[in-house]
Amino acid sequence: MLLATWNVNSLKARFARVSEWIADVQPDVLMLQETKMTDAAFPAGAFAAAGYESVHFGEGRWNGVAILSRVGLESPRPNFAVGEADFQARVVSATCGGIVVVCVYVPNGRSLDDDHYQYKLRFLAQLRDHVAALADPAGDVVIGGDFNIAPTDADVWDPAALVGQTHVSAPERDALGRIVEWGVRDVVRDAHPEPGLYSWWDYRNGSFHRGWGMRIDLLLASASVAARTTWSAIDRNARKGEQPSDHAPVLMEVAAR
DNA sequence: ATGGTGGCCCGGCCA
């Protein structure tokens, strides 16, 4: 079973590229972030024609998350299962092929002194509680998405350039750590210890070609899924070419139980 | 590295 996550930075702008990528890669489960569309605008029919059930949780201009699956899609759930509903469309969950799939678009944070950064930290705490309410760490769970956090300094091109900024600060890394401690592993990092592995590059300054990237899109799997993960990768080729997203898809292959 | 891009939608926000 091939699972993937991709921040597409507008599904409307990226629909052709996403469709081509799906046809080429044939993922069984695909988590999308930043669809930037309403539920009414979500092209569920086109995905159904390609063999995928889907659930979309959108708001329109910003955010928006979705799960596509061709191995079944049960118990679709927009937003958080515990606490107050988030005011933005940033998390959607479902069970696909026996795996509890949580697709998340974590707030950016903007800057450490911004209210949005405090929102990011609250969001991460609630995400941990959400996952704990929906799933058992002894079961099959994958939390995938754009976390807007580089877990360690090995996940950024130049740690010195980012001191004092979001994505690398200790509080957000700790908040991510509390999700990991609940019972998931960063399967891409487990398989690829080398530095220079990134999933996002700023559109500005030729960052992609200069290698100025960060690994902020993650696939976090429970122990049983991680143990059956046979392959994982970041498809940086998808960051090339005409009208790319600023994020690359991240993939993992899981053997049957 | 503090913005030279790109998405929303059409001036300004967001990443």
# chains A, B, ... in the order shown; residues from 1 in each chain; ligands from 1
>>> closest_atom_pairs(of="chain B", to="chain A", cutoff="10 Å", atoms="only C-alpha atoms (C1' of nucleotides)", output="tab-separated table")
residue	atom	partner	partner_atom	distance
B:DA1	C1'	A:Ala161	CA	7.7
B:DG3	C1'	A:Arg204	CA	7.3
B:DG4	C1'	A:Asn205	CA	6.0
B:DT5	C1'	A:Arg204	CA	4.8
B:DG6	C1'	A:Tyr203	CA	7.0
B:DG7	C1'	A:Ser10	CA	6.8
B:DC8	C1'	A:Arg61	CA	5.8
B:DC9	C1'	A:Arg61	CA	9.1
B:DC14	C1'	A:Trp62	CA	8.3
B:DA15	C1'	A:Asn108	CA	7.6
>>> write_last_selection(atoms="C-alpha atoms (C1' of nucleotides)", output="PDB file, in the first residue's frame")
ATOM      1  C1'  DA B   1      17.967  35.729   2.903  1.00  0.00           C
ATOM      2  C1'  DG B   3      12.347  39.365  -0.445  1.00  0.00           C
ATOM      3  C1'  DG B   4      13.779  39.035  -6.465  1.00  0.00           C
ATOM      4  C1'  DT B   5       7.676  34.305  -6.314  1.00  0.00           C
ATOM      5  C1'  DG B   6       3.300  32.618  -6.497  1.00  0.00           C
ATOM      6  C1'  DG B   7      -1.540  31.665  -4.837  1.00  0.00           C
ATOM      7  C1'  DC B   8      -5.783  33.818  -3.627  1.00  0.00           C
ATOM      8  C1'  DC B   9      -8.546  37.619  -6.270  1.00  0.00           C
ATOM      9  C1'  DC B  14      -0.578  34.641   3.110  1.00  0.00           C
ATOM     10  C1'  DA B  15       3.193  31.360   2.673  1.00  0.00           C
TER      11       DA B  15
END
>>> select_by_dssp(residues="region 66-226 of chain A", states="helix (DSSP H, G or I)", output="number ranges by chain")
A: 115-134, 153-155, 159-162, 170-183, 187-191, 204-210, 223-226
>>> residues_around(residues="Ser75 (chain A)", least_positions_apart="6", cutoff="10 Å", atoms="only C-alpha atoms (C1' of nucleotides)", output="short mmCIF file (atom, residue, chain, number, x, y, z; two decimals) with all heavy atoms, in the first residue's frame")
data_model
loop_
_atom_site.label_atom_id
_atom_site.label_comp_id
_atom_site.auth_asym_id
_atom_site.auth_seq_id
_atom_site.Cartn_x
_atom_site.Cartn_y
_atom_site.Cartn_z
N VAL A 55 -12.43 12.54 0.69
CA VAL A 55 -13.08 13.45 1.64
C VAL A 55 -12.29 14.74 1.63
O VAL A 55 -11.06 14.72 1.68
CB VAL A 55 -13.17 12.85 3.07
CG1 VAL A 55 -11.81 12.43 3.61
CG2 VAL A 55 -13.85 13.84 4.02
N SER A 93 -9.56 13.40 8.73
CA SER A 93 -9.14 12.04 9.09
C SER A 93 -10.10 11.02 8.49
O SER A 93 -11.26 11.34 8.23
CB SER A 93 -9.12 11.87 10.61
OG SER A 93 -8.42 12.93 11.23
N ALA A 94 -9.61 9.81 8.29
CA ALA A 94 -10.44 8.72 7.78
C ALA A 94 -9.68 7.42 8.01
O ALA A 94 -8.48 7.44 8.32
CB ALA A 94 -10.74 8.89 6.29
N THR A 95 -10.39 6.30 7.84
CA THR A 95 -9.71 5.00 7.87
C THR A 95 -9.65 4.46 6.45
O THR A 95 -10.69 4.34 5.79
CB THR A 95 -10.46 4.03 8.80
OG1 THR A 95 -10.49 4.58 10.12
CG2 THR A 95 -9.75 2.68 8.84
N CYS A 96 -8.44 4.18 6.00
CA CYS A 96 -8.21 3.76 4.61
C CYS A 96 -7.42 2.45 4.62
O CYS A 96 -6.28 2.42 5.11
CB CYS A 96 -7.45 4.82 3.83
SG CYS A 96 -8.22 6.46 3.84
N VAL A 100 -5.68 4.16 10.17
CA VAL A 100 -6.24 5.46 10.53
C VAL A 100 -5.32 6.53 9.95
O VAL A 100 -4.14 6.60 10.28
CB VAL A 100 -6.36 5.63 12.06
CG1 VAL A 100 -6.83 7.04 12.41
CG2 VAL A 100 -7.32 4.58 12.64
#
>>> atom_distance(atom1="CA of Asp153 (chain A)", atom2="CA of Arg189 (chain A)")
12.5 Å
>>> residues_around(residues="Gln126 (chain A)", least_positions_apart="2", cutoff="12 Å", atoms="only C-alpha atoms (C1' of nucleotides)", output="list in words")
Asn79, Phe80, Ala81, Val82, Gly83, Glu84, Ala85, Asp86, Arg90, Val91, Val104, Val106, Tyr119, Lys120, Leu121, Arg122, Phe123, Leu124, Arg128, Asp129, His130, Val131, Ala132, Ala133, Ala175, Leu176, Arg178 and Ile179 of chain A
>>> write_last_selection(atoms="C-alpha atoms", output="mmCIF file, in the first residue's frame")
data_model
loop_
_atom_site.group_PDB
_atom_site.id
_atom_site.type_symbol
_atom_site.label_atom_id
_atom_site.label_comp_id
_atom_site.auth_asym_id
_atom_site.auth_seq_id
_atom_site.Cartn_x
_atom_site.Cartn_y
_atom_site.Cartn_z
ATOM 1 C CA ASN A 79 -11.676 18.967 11.886
ATOM 2 C CA PHE A 80 -10.703 17.856 15.402
ATOM 3 C CA ALA A 81 -12.472 15.055 17.251
ATOM 4 C CA VAL A 82 -11.752 16.595 20.665
ATOM 5 C CA GLY A 83 -11.933 20.129 22.010
ATOM 6 C CA GLU A 84 -13.278 23.061 20.072
ATOM 7 C CA ALA A 85 -13.438 22.816 16.319
ATOM 8 C CA ASP A 86 -10.584 24.702 14.713
ATOM 9 C CA ARG A 90 -6.545 22.144 8.602
ATOM 10 C CA VAL A 91 -7.210 18.534 9.572
ATOM 11 C CA VAL A 104 -2.925 17.828 8.589
ATOM 12 C CA VAL A 106 -0.216 22.813 10.628
ATOM 13 C CA TYR A 119 -2.049 29.282 17.568
ATOM 14 C CA LYS A 120 0.468 26.894 15.981
ATOM 15 C CA LEU A 121 1.503 25.568 19.397
ATOM 16 C CA ARG A 122 -2.114 25.165 20.549
ATOM 17 C CA PHE A 123 -2.953 23.437 17.272
ATOM 18 C CA LEU A 124 -0.137 20.921 17.727
ATOM 19 C CA ARG A 128 -1.913 15.147 19.629
ATOM 20 C CA ASP A 129 -5.162 14.819 21.598
ATOM 21 C CA HIS A 130 -7.086 14.321 18.354
ATOM 22 C CA VAL A 131 -4.884 11.436 17.285
ATOM 23 C CA ALA A 132 -5.045 9.912 20.764
ATOM 24 C CA ALA A 133 -8.852 10.079 20.653
ATOM 25 C CA ALA A 175 5.132 19.982 20.455
ATOM 26 C CA LEU A 176 5.913 17.737 17.494
ATOM 27 C CA ARG A 178 4.843 15.054 22.049
ATOM 28 C CA ILE A 179 2.973 13.697 19.020
#
>>> residues_around(residues="Val180 (chain A)", least_positions_apart="3", cutoff="12 Å", atoms="only C-alpha atoms (C1' of nucleotides)", output="PDB file with N, CA, C and O atoms, in the first residue's frame")
ATOM      1  N   LEU A 124      -0.927  22.146  17.615  1.00  0.00           N
ATOM      2  CA  LEU A 124      -0.137  20.921  17.727  1.00  0.00           C
ATOM      3  C   LEU A 124      -0.533  20.112  18.963  1.00  0.00           C
ATOM      4  O   LEU A 124      -0.589  18.878  18.910  1.00  0.00           O
ATOM      5  N   ALA A 125      -0.846  20.807  20.067  1.00  0.00           N
ATOM      6  CA  ALA A 125      -1.282  20.100  21.282  1.00  0.00           C
ATOM      7  C   ALA A 125      -2.636  19.429  21.037  1.00  0.00           C
ATOM      8  O   ALA A 125      -2.865  18.283  21.451  1.00  0.00           O
ATOM      9  N   LEU A 127      -3.808  18.553  18.124  1.00  0.00           N
ATOM     10  CA  LEU A 127      -3.598  17.470  17.150  1.00  0.00           C
ATOM     11  C   LEU A 127      -3.184  16.186  17.864  1.00  0.00           C
ATOM     12  O   LEU A 127      -3.666  15.092  17.526  1.00  0.00           O
ATOM     13  N   ARG A 128      -2.338  16.324  18.847  1.00  0.00           N
ATOM     14  CA  ARG A 128      -1.913  15.147  19.629  1.00  0.00           C
ATOM     15  C   ARG A 128      -3.123  14.509  20.320  1.00  0.00           C
ATOM     16  O   ARG A 128      -3.311  13.297  20.273  1.00  0.00           O
ATOM     17  N   VAL A 131      -5.399  12.742  17.704  1.00  0.00           N
ATOM     18  CA  VAL A 131      -4.884  11.436  17.285  1.00  0.00           C
ATOM     19  C   VAL A 131      -5.111  10.407  18.396  1.00  0.00           C
ATOM     20  O   VAL A 131      -5.530   9.272  18.138  1.00  0.00           O
ATOM     21  N   ALA A 132      -4.868  10.832  19.638  1.00  0.00           N
ATOM     22  CA  ALA A 132      -5.045   9.912  20.764  1.00  0.00           C
ATOM     23  C   ALA A 132      -6.505   9.496  20.923  1.00  0.00           C
ATOM     24  O   ALA A 132      -6.795   8.383  21.361  1.00  0.00           O
ATOM     25  N   PRO A 137      -2.100   3.732  19.660  1.00  0.00           N
ATOM     26  CA  PRO A 137      -0.726   3.632  19.134  1.00  0.00           C
ATOM     27  C   PRO A 137      -0.310   2.205  18.803  1.00  0.00           C
ATOM     28  O   PRO A 137       0.643   2.000  18.044  1.00  0.00           O
ATOM     29  N   VAL A 141      -1.648   3.472  12.229  1.00  0.00           N
ATOM     30  CA  VAL A 141      -1.926   4.910  12.169  1.00  0.00           C
ATOM     31  C   VAL A 141      -0.861   5.586  11.300  1.00  0.00           C
ATOM     32  O   VAL A 141       0.328   5.278  11.427  1.00  0.00           O
ATOM     33  N   VAL A 142      -1.292   6.498  10.454  1.00  0.00           N
ATOM     34  CA  VAL A 142      -0.359   7.378   9.736  1.00  0.00           C
ATOM     35  C   VAL A 142      -0.868   8.810   9.857  1.00  0.00           C
ATOM     36  O   VAL A 142      -2.018   9.098   9.501  1.00  0.00           O
ATOM     37  N   ILE A 143      -0.027   9.680  10.381  1.00  0.00           N
ATOM     38  CA  ILE A 143      -0.309  11.114  10.408  1.00  0.00           C
ATOM     39  C   ILE A 143       0.585  11.732   9.341  1.00  0.00           C
ATOM     40  O   ILE A 143       1.816  11.651   9.426  1.00  0.00           O
ATOM     41  N   PRO A 151      12.018  18.937  11.911  1.00  0.00           N
ATOM     42  CA  PRO A 151      12.203  18.262  13.203  1.00  0.00           C
ATOM     43  C   PRO A 151      13.570  18.493  13.839  1.00  0.00           C
ATOM     44  O   PRO A 151      13.672  18.593  15.060  1.00  0.00           O
ATOM     45  N   ARG A 173       9.187  22.292  17.989  1.00  0.00           N
ATOM     46  CA  ARG A 173       9.793  20.962  17.884  1.00  0.00           C
ATOM     47  C   ARG A 173       9.373  20.081  19.067  1.00  0.00           C
ATOM     48  O   ARG A 173       9.125  18.883  18.891  1.00  0.00           O
ATOM     49  N   ASP A 174       9.279  20.668  20.248  1.00  0.00           N
ATOM     50  CA  ASP A 174       8.824  19.907  21.415  1.00  0.00           C
ATOM     51  C   ASP A 174       7.380  19.451  21.236  1.00  0.00           C
ATOM     52  O   ASP A 174       7.006  18.328  21.613  1.00  0.00           O
ATOM     53  N   ALA A 175       6.542  20.341  20.679  1.00  0.00           N
ATOM     54  CA  ALA A 175       5.132  19.982  20.455  1.00  0.00           C
ATOM     55  C   ALA A 175       5.023  18.837  19.456  1.00  0.00           C
ATOM     56  O   ALA A 175       4.192  17.933  19.611  1.00  0.00           O
ATOM     57  N   LEU A 176       5.863  18.866  18.430  1.00  0.00           N
ATOM     58  CA  LEU A 176       5.913  17.737  17.494  1.00  0.00           C
ATOM     59  C   LEU A 176       6.413  16.483  18.212  1.00  0.00           C
ATOM     60  O   LEU A 176       5.899  15.379  17.993  1.00  0.00           O
ATOM     61  N   GLY A 177       7.380  16.679  19.098  1.00  0.00           N
ATOM     62  CA  GLY A 177       7.910  15.557  19.870  1.00  0.00           C
ATOM     63  C   GLY A 177       6.850  14.880  20.730  1.00  0.00           C
ATOM     64  O   GLY A 177       6.867  13.658  20.889  1.00  0.00           O
ATOM     65  N   GLY A 183       3.332   7.832  19.925  1.00  0.00           N
ATOM     66  CA  GLY A 183       3.547   6.504  19.350  1.00  0.00           C
ATOM     67  C   GLY A 183       3.705   6.459  17.845  1.00  0.00           C
ATOM     68  O   GLY A 183       3.194   5.541  17.196  1.00  0.00           O
ATOM     69  N   VAL A 184       4.360   7.426  17.265  1.00  0.00           N
ATOM     70  CA  VAL A 184       4.623   7.378  15.817  1.00  0.00           C
ATOM     71  C   VAL A 184       6.096   7.649  15.533  1.00  0.00           C
ATOM     72  O   VAL A 184       6.813   8.200  16.368  1.00  0.00           O
ATOM     73  N   ARG A 185       6.506   7.229  14.329  1.00  0.00           N
ATOM     74  CA  ARG A 185       7.881   7.415  13.894  1.00  0.00           C
ATOM     75  C   ARG A 185       7.911   8.190  12.581  1.00  0.00           C
ATOM     76  O   ARG A 185       7.013   8.072  11.763  1.00  0.00           O
ATOM     77  N   ASP A 186       8.972   8.935  12.404  1.00  0.00           N
ATOM     78  CA  ASP A 186       9.223   9.705  11.181  1.00  0.00           C
ATOM     79  C   ASP A 186       9.870   8.735  10.182  1.00  0.00           C
ATOM     80  O   ASP A 186      11.083   8.575  10.154  1.00  0.00           O
ATOM     81  N   VAL A 187       9.039   8.081   9.368  1.00  0.00           N
ATOM     82  CA  VAL A 187       9.535   6.935   8.596  1.00  0.00           C
ATOM     83  C   VAL A 187      10.540   7.345   7.515  1.00  0.00           C
ATOM     84  O   VAL A 187      11.447   6.571   7.186  1.00  0.00           O
ATOM     85  N   LEU A 218       5.825  15.586   6.518  1.00  0.00           N
ATOM     86  CA  LEU A 218       6.214  14.373   7.231  1.00  0.00           C
ATOM     87  C   LEU A 218       5.152  13.288   7.113  1.00  0.00           C
ATOM     88  O   LEU A 218       3.956  13.579   6.975  1.00  0.00           O
ATOM     89  N   LEU A 219       5.620  12.045   7.174  1.00  0.00           N
ATOM     90  CA  LEU A 219       4.755  10.882   7.323  1.00  0.00           C
ATOM     91  C   LEU A 219       5.137  10.221   8.646  1.00  0.00           C
ATOM     92  O   LEU A 219       6.250   9.702   8.777  1.00  0.00           O
ATOM     93  N   LEU A 220       4.246  10.297   9.608  1.00  0.00           N
ATOM     94  CA  LEU A 220       4.490   9.747  10.940  1.00  0.00           C
ATOM     95  C   LEU A 220       3.627   8.498  11.095  1.00  0.00           C
ATOM     96  O   LEU A 220       2.404   8.570  10.965  1.00  0.00           O
ATOM     97  N   ALA A 221       4.264   7.364  11.335  1.00  0.00           N
ATOM     98  CA  ALA A 221       3.561   6.084  11.361  1.00  0.00           C
ATOM     99  C   ALA A 221       3.702   5.407  12.709  1.00  0.00           C
ATOM    100  O   ALA A 221       4.770   5.451  13.330  1.00  0.00           O
ATOM    101  N   SER A 222       2.621   4.753  13.134  1.00  0.00           N
ATOM    102  CA  SER A 222       2.680   3.957  14.358  1.00  0.00           C
ATOM    103  C   SER A 222       3.659   2.800  14.169  1.00  0.00           C
ATOM    104  O   SER A 222       4.045   2.459  13.048  1.00  0.00           O
ATOM    105  N   ALA A 223       4.034   2.165  15.283  1.00  0.00           N
ATOM    106  CA  ALA A 223       5.089   1.148  15.240  1.00  0.00           C
ATOM    107  C   ALA A 223       4.754   0.023  14.280  1.00  0.00           C
ATOM    108  O   ALA A 223       5.626  -0.447  13.524  1.00  0.00           O
TER     109      ALA A 223
END
>>> select_by_dssp(residues="region 55-171 of chain A", states="strand (DSSP E or B)", output="ChimeraX atom specification")
/A:55-57,65-69,74-78,91-96,99-105,141-146,156
>>> closest_residue(among="A:Ala50, A:Val188, A:Ile22, A:Leu11", to="Val65 (chain A)", atoms="only C-alpha atoms")
A:Leu11
